[in-house]
Amino acid sequence: MSLLPLAFSAPLALIGLALLPVIYYLLRITPPRPRQIPFPPLKLILDIEPKDETPARTPWWLLALRLLIAGLVVLAMAGPIWNPQHGAASGQEPLLVLVDDGWPAAPTWEQRLKVALAQVDDAARQGAPTAVLAASEGARDPVLSDGSHTAQRLRALKPVPYTPDRMGLIAPLEHFFAEHPRGHVAWIADGLALGQTRPFAEKLAEVAKNGQVEIISGERSPVALAGAANEASVLNVNVLRATKDGPLQGRVRALDLKGVPIGDAAFDFAGATETQARFDLPIELRNDIARLEIASEHSAGAVTLLDERWKRRRVGVVSGASTDVAQPLLAPSYYLQRALQPFADVREARAGVADPIDALLDDNINVMLLADVGVVAGLAHDRLESFVEDGGVLVRFAGTRLAGSSDDLVPVALRRGGRTLGGSLSWETPKKLAPFDRASPFFGLSVPEEVTVTRQVLAEPEAGLPARTWAALADGTPLVTAEHRGKGMIVLFHVTADTTWSNLPLSGLFVDMLRKILAVSADTSKGGEDASFAAKQQAATLAPLSTLDGFGALGPPPSTAKSIPANFADVAGAEHPPGFYGPPDALVAVNPLAPDAKLEPADFSGLNFRREPLNAGEPIDLRPWLIAGVIAFLIADALASLWLSGGVPLRRRRAVVAAFVALFTLGATAASFIAPVRAEEPAQQISPRDLESVLTTRLAYVVTGDAQADEASRAGLASLTRALAARTSLTPGEPVGVDPARDELVFYPMIYWPIVAGKPLPPQNAINKIATFMKQGGTIVFDTRDALASRPGGPLTPEARWLRDLLAGVDVPELEPVPQDHVITKTFYLLDGFIGRTTIGQTWVEALPPEPTDGTRRPARAGDSVSPIVITSNDLAAAWAADRNGEPLYPLVPGGVRQRELALRGGINLVMYTLTGNYKSDQVHVRDLLDRLGH
Amino acid sequence: MVSARLLTRSEAAAAPRHQEGALDLARRLPSLVASAKELAASVMHGVHGRRRAGTGENFWQFRPFTFGEAAQRIDWRRSARDDRLYVREREWEAAHTIFLWMDLSPSMAFMSSLARQSKADRALVLGLATADLLVRGGERVGLLGMTRAIAARNIVERLAEALAIADRQMRGAGHPDFPSDEPLPQRTQVILLSDFLVAPDELARRLKRIASNGARGHLVMIADPVEETFPFEGHTEFLDVDSGALFRAGRAEAYRADYVARLAQHRERVREAAREGGFSFALHRSDAPPATALLALRGRLEANVDIGAVA
């Protein structure tokens with residue numbers, strides 16, 4: 001109707017715009033108030049004749065501003081509405097809303113629904129009955145009802161994942177127009193030619209002779225994916241659209257069967273209607289791709305499903321050599337297996353199968369490799385022949401058997417018989433390969449110098465031999481020949497697949513050549529393979545497993561979905577929605593678009609239809625915006641007038657501008673500051689003790705609540721700290737008492753925990769913290785201090801029980817008494833055990849991995865990490881404890897200076913062990929390493 | 001764009017800031033006039049010996065007592081030396097009297113954005129500074145028609161006080177455009193500081209009358225730079241300060257040439273009036289520093305003293 005989606009609710013008010021010239025004239029002759037200046041010597045000129053009294057003109061920009069204000073006021077009075085909705089209905093004639101609900105409608109479904117609802121609303125306001133007909137509903141007659149019912153039906157519609165055939169709608173439309181010859185049809189079309197749009201439109205025009213048809217279609221074409229192809233090194237997929245809407249970029253995402261993203265590929269239409277997205281991924285990843293989708297497009301058409309057909313080739317290997325070859329390196333199949341394994345599914349017939357070729361053909365292989373098989377006869381020959389005819393690739397390798405006699409499944413006639421000894425030629429000097437011809441599929445592969453051929457079968461020189469030659473020796477003798485037969489082809493390597501005739505199977509070139517052949521086989525067997533597949537499973541049907549909905553999401557199949565025949569090669573339709581069919585391990589993908597599909601815009605030319613754009617934007621009343629603009633301009637005008645008449649002094653003017661700028665800046669910065677300020681609020685307080693513990697290594701003990709035990713721990717660790725500072729390079733800080741429930745433990749390498757049985761167990765969160773501490777590499781030394789009370793095999797002491805309860809919720813590793821060769825006994829001093837106030841208690845640490853059985857005796861062993869737990873019962877701290885003068889605080893059992901010294905040495909070893917780990921156990925190798933370096 | 005405004009009454013009134021400004025200016029002046037030392041040195045300020053006997057402090061001569069004179073005039077110490085009687089005569093000494101008049105009429109309260117001070121401010125500062133300078137030189141200074149001539153050290157405060165009182169008394173009536181035209185005695189000098197935006201004929205009549213007894217004087221015409229250049233443009237409405245008359249100029253720049261011609265003519269007539277009355281005339285623009293005007297004024301005052309001394 002108009003160029004802009006703009007309408008006026010009171011268009012008569014626009015006449016007011018005619019007043020603008022008058023306003024212009026009036027504004028011109030009433031200039032702004034002049035500046036008033038007191039001027040003492042005015043008397044001197046008071047009597048001068050007035051001259052040039054033309055008042056100064058109103059500045060043009062002020063004039064424009066005021067005219068703009070006047071214009072905006074008039075426009076606002078006219079009630080402008082952006083995006084007005086025009087209903088197709090007028091009067092009482094019924095309205096039929098025809099909704100295209102194929103996948104092309106899915107990306108803009110919300111919009112379409114809005115437009116449809118607006119149409120229905122509009123008709124309902126005018127009292128017209130309405131009905132809805134979706135394109136996928138086919139031959140159902142529309143039921144006219146009131147607006148709310150129709151709206152309900154509309155809301156219940158969902159896009160379908162295929163493009164429904166609209167010709168089915170003709171019958172209900174005929175009925176509709178038969179009943180209401182002057183009825184209206186609003187066709188919310190998807191704008192694509194898919195689904196017989198043009199024939200349908202022509203038919204519709206014919207049916208609706210007296211009625212009125214309005215086509216509402218969007219300008220933006222949907223984007224679709226079709227024809228994914230897993231090629232030699234990339235996976236390509238065509239990205240389609242219907243109209244050349246200028247450049248459009250996007251990304252195609254590849255997902256595996258579980259929906260995990262595998263990769264992304266960009267596409268760029270750059271003005272064309274078709275482009276490609278390339279996934280340059282390793283073949284293993286590409287084989288996992290089960291679904292390609294356009295990232296920003298939510299429709300079934302933007303999804304392509306990949307099944308086995310897009311995956312790596314299945315290769316069957318049959319060797320003519322005897323199967324009981326004990327040495328694998330002598331079997332040709334070994335080289336083929338090794339060469340093909342990374343990128344193809346290599347299958348061999350099970351041992352003991354009567355006819356291996358037949359068995360492999362049953363396995364639906366794509367490529368058949370025959371290594372030194374002379375003659376294939378009987379049923380296997382026929383099947384092999386039809387396999388090749390249907391697109392299979394047969395690759396044969398020469399050998400003594402083939403040289404002796406061959407069947408007709410070879411690309412070239414071979415020389416044999418009594419003329420040449422053994423059918424092969426013995427070279428005096430091994431021959432090298434010639435570079436590959438441009439026509440050869442091997443072209444581009446580099447020929448390594450070291451590949452030599454000592455024997456080969458010879459082809460009969462005949463017409464067309466060079467064309468069939470893929471690789472040749474340096475003197476031109478064909479080495480690899482190939483021939484297309486039917487849809488497939490036969491390739492012959494004139495050497496063996498093992499190393500008896502040449503060292504080609506040992507080279508990387510061999511792998512590359514086989515890979516190229518597989519790529520060629522993927523090209524040849526697109527359609528034919530399905531056919532062969534179908535031949536075997538003619539009767540079988542595949543039930544839908546999961547199907548796409550209109551928006552391109554996989555889900556359980558709808559009840560209307562039917563099984564597909566095994567040879568289904570069509571695109572998806574109403575009965576067979578796109579999705580995966582068949583058993584989960586052999587899925588068949590059905591796609592909404594054919595591989596070679598093109599999208600074309602619908603052609604409505606020459607038809608007498610009203611066209612409306614699909615603009616589902618909400619109608620926006622522009623009045624408030626205009627009035628706000630008027631007010632803003634009025635303020636600007638007032639300021640300008642003030643300025644012109646000198647109301648704002650020069651100096652203050654700058655201040656005013658500065659104030660405005662400052663205000664805006666303040667506002668902006670205030671807004672940006674609010675969030676960070678909030679974020680910073682809950683900054684954690686770090687206690688000074690923690691801070692100090694971070695900066696200096698210090699020993700820690702658990703405060704048990706028992707004053708005597710805590711004092712013993714403190715004094716013991718203090719004296720151990722002094723000993724460490726005096727004897728080692730470690731100078732720890734003052735020892736500190738910690739409460740596992742409250743304090744952060746992560747700063748302390750070793751925590752000494754004397755067990756006091758009477759105390760309650762620490763709360764669960766403390767136990768969790770202990771477990772975390774141990775997991776993070778900390779060591780806790782539990783000291784039950786009950787060596788005198790416990791008896792081996794006797795009842796548990798209360799301390800032991802307490803410790804057992806404590807550790808019940810902790811993941812404690814397997815423990816063992818400290819073995820003699822444990823590194824903990826060698827970290828600083830060479831010790832036999834850890835003694836404290838008592839000497840008879842056992843000390844337990846994490847069990848080491850079993851000793852290596854290779855017989856070499858090592859002086860020290862260590863695990864990969866520090867034992868998180870050390871349990872002793874010797875009351876270590878009491879033995880360490882001494883006052884400032886070094887006088888011991890507690891009596892020892894049995895006692896003596898030596899025991900005290902050994903206890904201190906044990907403590908030093910413990911600390912060193914927690915700090916250095918298995919360093920000392922590696923240290924024992926130093927002499928060997930130096931020896932080796934020296935010689 | 002040039003802007004201009006009138007000071008309010010309270011702004012225009014003599015205030016302590018004028019005293020300070022004047023004192024400051026007068027105090028600074030000696031340093032400013034270092035180059036004009038000769039001029040200052042050539043003129044003895046203050047009490048001038050008249051080289052004849054009369055009332056004064058300094059000894060002039062002894063003369064023989066003539067019979068009939070008052071006996072107390074005999075200088076007995078001298079007469080005791082011989083047998084004749086002597087009378088000690090002193091040299092006749094007289095101080096100059098200088099009267100100031102500073103125009104404080106509404107037109108003086110004008111100040112443009114180009115000027116440093118309003119014209120009234122400038123007149124007050126100049127006048128009070130002159131007074132201070134003169135009193136320090138020993139002259140007596142008074143306000144014309146307001147105070148008698150005094151030679152107090154705090155002359156600036158005294159005069160400012162008198163001005164403030166007069167201002168308060170005159171509230172509502174407005175200051176007159178002209179000084180009182182009482183004839184001043186001979187050898188009295190008068191300094192008139194004003195913009196002289198008055199009818200030149202009336203001014204000439206009054207000056208003649210003031211000088212009718214032999215007084216001399218100096219006119220210092222204070223002008224705002226805007227009044228000199230008329231830098232207005234565009235649609236402007238001019239307001240006459242004294243009469244309140246409005247003058248609307250469609251394009252103010254069209255009047256510039258006429259205004260400048262008229263102003264020159266007016267100046268010439270004022271100068272003529274001054275010359276007829278035996279007054280000197282000087283122009284001072286309020287965008288120039290006041291010290292230059294003060295220096296010039298002092299020079300002219302001293303020139304007159306010289307003339308007076310010769311006469």
# chains A, B, ... in the order shown; residues from 1 in each chain; ligands from 1
>>> interface_residues(of="chain B", to="chain A", cutoff="7 Å", atoms="only C-alpha atoms", output="list in words")
Ala4, Arg5, Leu6, Ser107, Leu197, Glu227, Gly234, His235, Thr236, Glu237, Phe238, Leu239, Asp240, Val241, Phe247, Ala249, Gly250, Arg251, Tyr259, Arg262 and Leu263 of chain B
>>> residues_around(residues="stretch 67-77 of chain B", least_positions_apart="2", cutoff="7 Å", atoms="only C-alpha atoms", output="MDAnalysis selection string")
chainID B and resid 65 79:80 85:88
>>> select_by_dssp(residues="stretch 54-284 of chain B", states="strand (DSSP E)", output="compact mmCIF listing (two decimals) with C-alpha atoms, in the first residue's frame")
# COMPACT_ATOMS: atom_id res chain seq x y z
CA PHE B 59 63.12 83.21 59.42
CA TRP B 60 63.14 85.83 56.76
CA GLN B 61 64.87 88.97 58.10
CA PHE B 62 65.31 91.29 61.03
CA ARG B 63 64.12 94.77 60.43
CA PRO B 64 64.22 97.84 62.64
CA TYR B 86 64.46 94.74 65.92
CA VAL B 87 61.50 92.87 64.64
CA ARG B 88 61.95 89.25 63.38
CA GLU B 89 60.14 88.78 60.14
CA ARG B 90 59.18 85.32 58.84
CA GLU B 91 58.84 84.35 55.21
CA TRP B 92 55.29 84.27 53.98
CA GLU B 93 54.22 80.71 53.33
CA ALA B 94 51.00 79.44 51.79
CA THR B 97 44.19 74.24 47.86
CA ILE B 98 42.91 71.62 45.46
CA PHE B 99 39.32 70.61 45.07
CA LEU B 100 38.23 67.31 43.56
CA TRP B 101 34.99 66.44 41.88
CA MET B 102 34.19 62.89 40.88
CA PHE B 110 28.70 51.81 33.07
CA MET B 111 31.11 49.04 32.48
CA SER B 112 31.70 46.90 29.42
CA ARG B 140 45.20 70.65 51.11
CA VAL B 141 42.53 68.75 49.32
CA GLY B 142 38.76 68.91 49.50
CA LEU B 143 35.74 67.70 47.68
CA THR B 188 42.80 77.18 43.91
CA GLN B 189 42.96 74.24 41.58
CA VAL B 190 40.06 72.00 40.75
CA ILE B 191 40.16 68.49 39.27
CA LEU B 192 37.01 67.27 37.53
CA LEU B 193 36.80 63.55 36.84
CA SER B 194 33.83 62.64 34.67
CA ARG B 216 42.39 76.82 37.55
CA GLY B 217 41.48 73.28 36.87
CA HIS B 218 41.86 70.04 35.02
CA LEU B 219 39.32 67.92 33.24
CA VAL B 220 39.91 64.17 33.10
CA MET B 221 37.45 62.56 30.75
CA ILE B 222 36.97 58.90 31.59
CA ALA B 223 35.65 56.78 28.75
CA THR B 236 20.33 45.74 19.41
CA GLU B 237 18.31 47.84 21.72
CA PHE B 238 20.25 50.63 23.40
CA LEU B 239 19.13 52.08 26.68
CA LEU B 246 15.33 53.36 24.24
CA PHE B 247 17.00 53.29 20.88
CA ARG B 248 16.37 50.22 18.75
CA ALA B 249 18.89 49.63 16.04
CA PHE B 279 41.20 74.16 32.22
CA SER B 280 43.43 71.44 30.96
CA PHE B 281 41.84 68.42 29.33
CA ALA B 282 42.88 64.78 29.26
CA LEU B 283 41.19 61.59 28.12
CA HIS B 284 41.51 58.39 30.08
>>> residues_around(residues="stretch 900-904 of chain A", least_positions_apart="3", cutoff="12 Å", atoms="only C-alpha atoms", output="NGL selection string")
:A and (716-724 or 727 or 825 or 828-839 or 874-882 or 886-897 or 907-911)
>>> residues_around(residues="stretch 9-16 of chain A", least_positions_apart="3", cutoff="9 Å", atoms="only C-alpha atoms", output="list in words")
Leu19, Leu20, Gly71, Val74, Leu75, Ala76, Met77, Ala78, Gly79, Pro80 and Ile81 of chain A
>>> residues_around(residues="stretch 599-608 of chain A", least_positions_apart="4", cutoff="6 Å", atoms="only C-alpha atoms", output="PDB file with N, CA and C atoms, in the first residue's frame")
ATOM      1  N   GLY A 191       6.980 -18.926   0.539  1.00  0.00           N
ATOM      2  CA  GLY A 191       7.761 -18.235  -0.481  1.00  0.00           C
ATOM      3  C   GLY A 191       8.689 -19.121  -1.270  1.00  0.00           C
ATOM      4  N   LEU A 192       8.605 -20.439  -1.121  1.00  0.00           N
ATOM      5  CA  LEU A 192       9.456 -21.333  -1.889  1.00  0.00           C
ATOM      6  C   LEU A 192       8.619 -22.056  -2.942  1.00  0.00           C
ATOM      7  N   ALA A 193       9.304 -22.492  -3.992  1.00  0.00           N
ATOM      8  CA  ALA A 193       8.601 -23.220  -5.051  1.00  0.00           C
ATOM      9  C   ALA A 193       8.338 -24.660  -4.655  1.00  0.00           C
ATOM     10  N   ARG A 241      19.720 -21.385  -0.517  1.00  0.00           N
ATOM     11  CA  ARG A 241      18.657 -20.433  -0.223  1.00  0.00           C
ATOM     12  C   ARG A 241      17.973 -20.093  -1.531  1.00  0.00           C
ATOM     13  N   ALA A 242      16.829 -19.449  -1.433  1.00  0.00           N
ATOM     14  CA  ALA A 242      16.019 -19.279  -2.629  1.00  0.00           C
ATOM     15  C   ALA A 242      16.325 -17.980  -3.353  1.00  0.00           C
TER      16      ALA A 242
END
>>> select_by_dssp(residues="stretch 147-294 of chain B", states="alpha helix (DSSP H)", output="PyMOL selection string")
chain B and resi 155-169+200-210+225-229+256-276+290-294
>>> residues_around(residues="A:Glu744", least_positions_apart="5", cutoff="12 Å", atoms="only C-alpha atoms", output="PyMOL selection string")
chain A and resi 686-687+689-691+693-694+700+702+737-739+751+766+769-770+772-773
>>> residues_around(residues="stretch 785-798 of chain A", least_positions_apart="2", cutoff="7 Å", atoms="only C-alpha atoms", output="mmCIF file with N, CA and C atoms, in the first residue's frame")
data_model
loop_
_atom_site.group_PDB
_atom_site.id
_atom_site.type_symbol
_atom_site.label_atom_id
_atom_site.label_comp_id
_atom_site.auth_asym_id
_atom_site.auth_seq_id
_atom_site.Cartn_x
_atom_site.Cartn_y
_atom_site.Cartn_z
ATOM 1 N N ALA A 757 40.972 -39.261 73.487
ATOM 2 C CA ALA A 757 39.795 -40.105 73.266
ATOM 3 C C ALA A 757 38.538 -39.489 73.828
ATOM 4 N N ASP A 783 48.544 -39.151 66.081
ATOM 5 C CA ASP A 783 49.334 -39.768 67.148
ATOM 6 C C ASP A 783 48.364 -40.244 68.221
ATOM 7 N N ALA A 800 42.349 -45.458 69.560
ATOM 8 C CA ALA A 800 42.285 -46.087 68.244
ATOM 9 C C ALA A 800 40.844 -46.081 67.734
ATOM 10 N N ARG A 801 39.897 -46.322 68.653
ATOM 11 C CA ARG A 801 38.496 -46.344 68.241
ATOM 12 C C ARG A 801 38.066 -44.939 67.785
ATOM 13 N N TRP A 802 38.530 -43.973 68.552
ATOM 14 C CA TRP A 802 38.191 -42.588 68.218
ATOM 15 C C TRP A 802 38.699 -42.251 66.819
ATOM 16 N N THR A 838 57.475 -43.194 73.677
ATOM 17 C CA THR A 838 57.616 -44.644 73.766
ATOM 18 C C THR A 838 58.277 -45.124 72.483
ATOM 19 N N ILE A 840 57.838 -48.623 71.367
ATOM 20 C CA ILE A 840 57.326 -49.899 70.894
ATOM 21 C C ILE A 840 56.170 -49.758 69.933
ATOM 22 N N GLY A 841 55.640 -48.542 69.753
ATOM 23 C CA GLY A 841 54.466 -48.346 68.892
ATOM 24 C C GLY A 841 54.823 -48.507 67.422
ATOM 25 N N SER A 873 51.759 -44.257 67.344
ATOM 26 C CA SER A 873 51.203 -44.326 68.697
ATOM 27 C C SER A 873 52.272 -44.003 69.730
ATOM 28 N N ASN A 874 53.384 -43.407 69.249
ATOM 29 C CA ASN A 874 54.537 -43.249 70.128
ATOM 30 C C ASN A 874 54.594 -41.907 70.836
ATOM 31 N N ASP A 875 53.564 -41.092 70.707
ATOM 32 C CA ASP A 875 53.533 -39.776 71.346
ATOM 33 C C ASP A 875 54.787 -38.980 71.006
#
>>> closest_residue(among="B:Asp195, B:Asp201, B:Asp82, B:Glu182", to="B:Asn213", atoms="only C-alpha atoms")
B:Glu182
>>> atom_distance(atom1="atom CA of A:Phe580", atom2="atom CA of A:Pro595")
16.4 Å
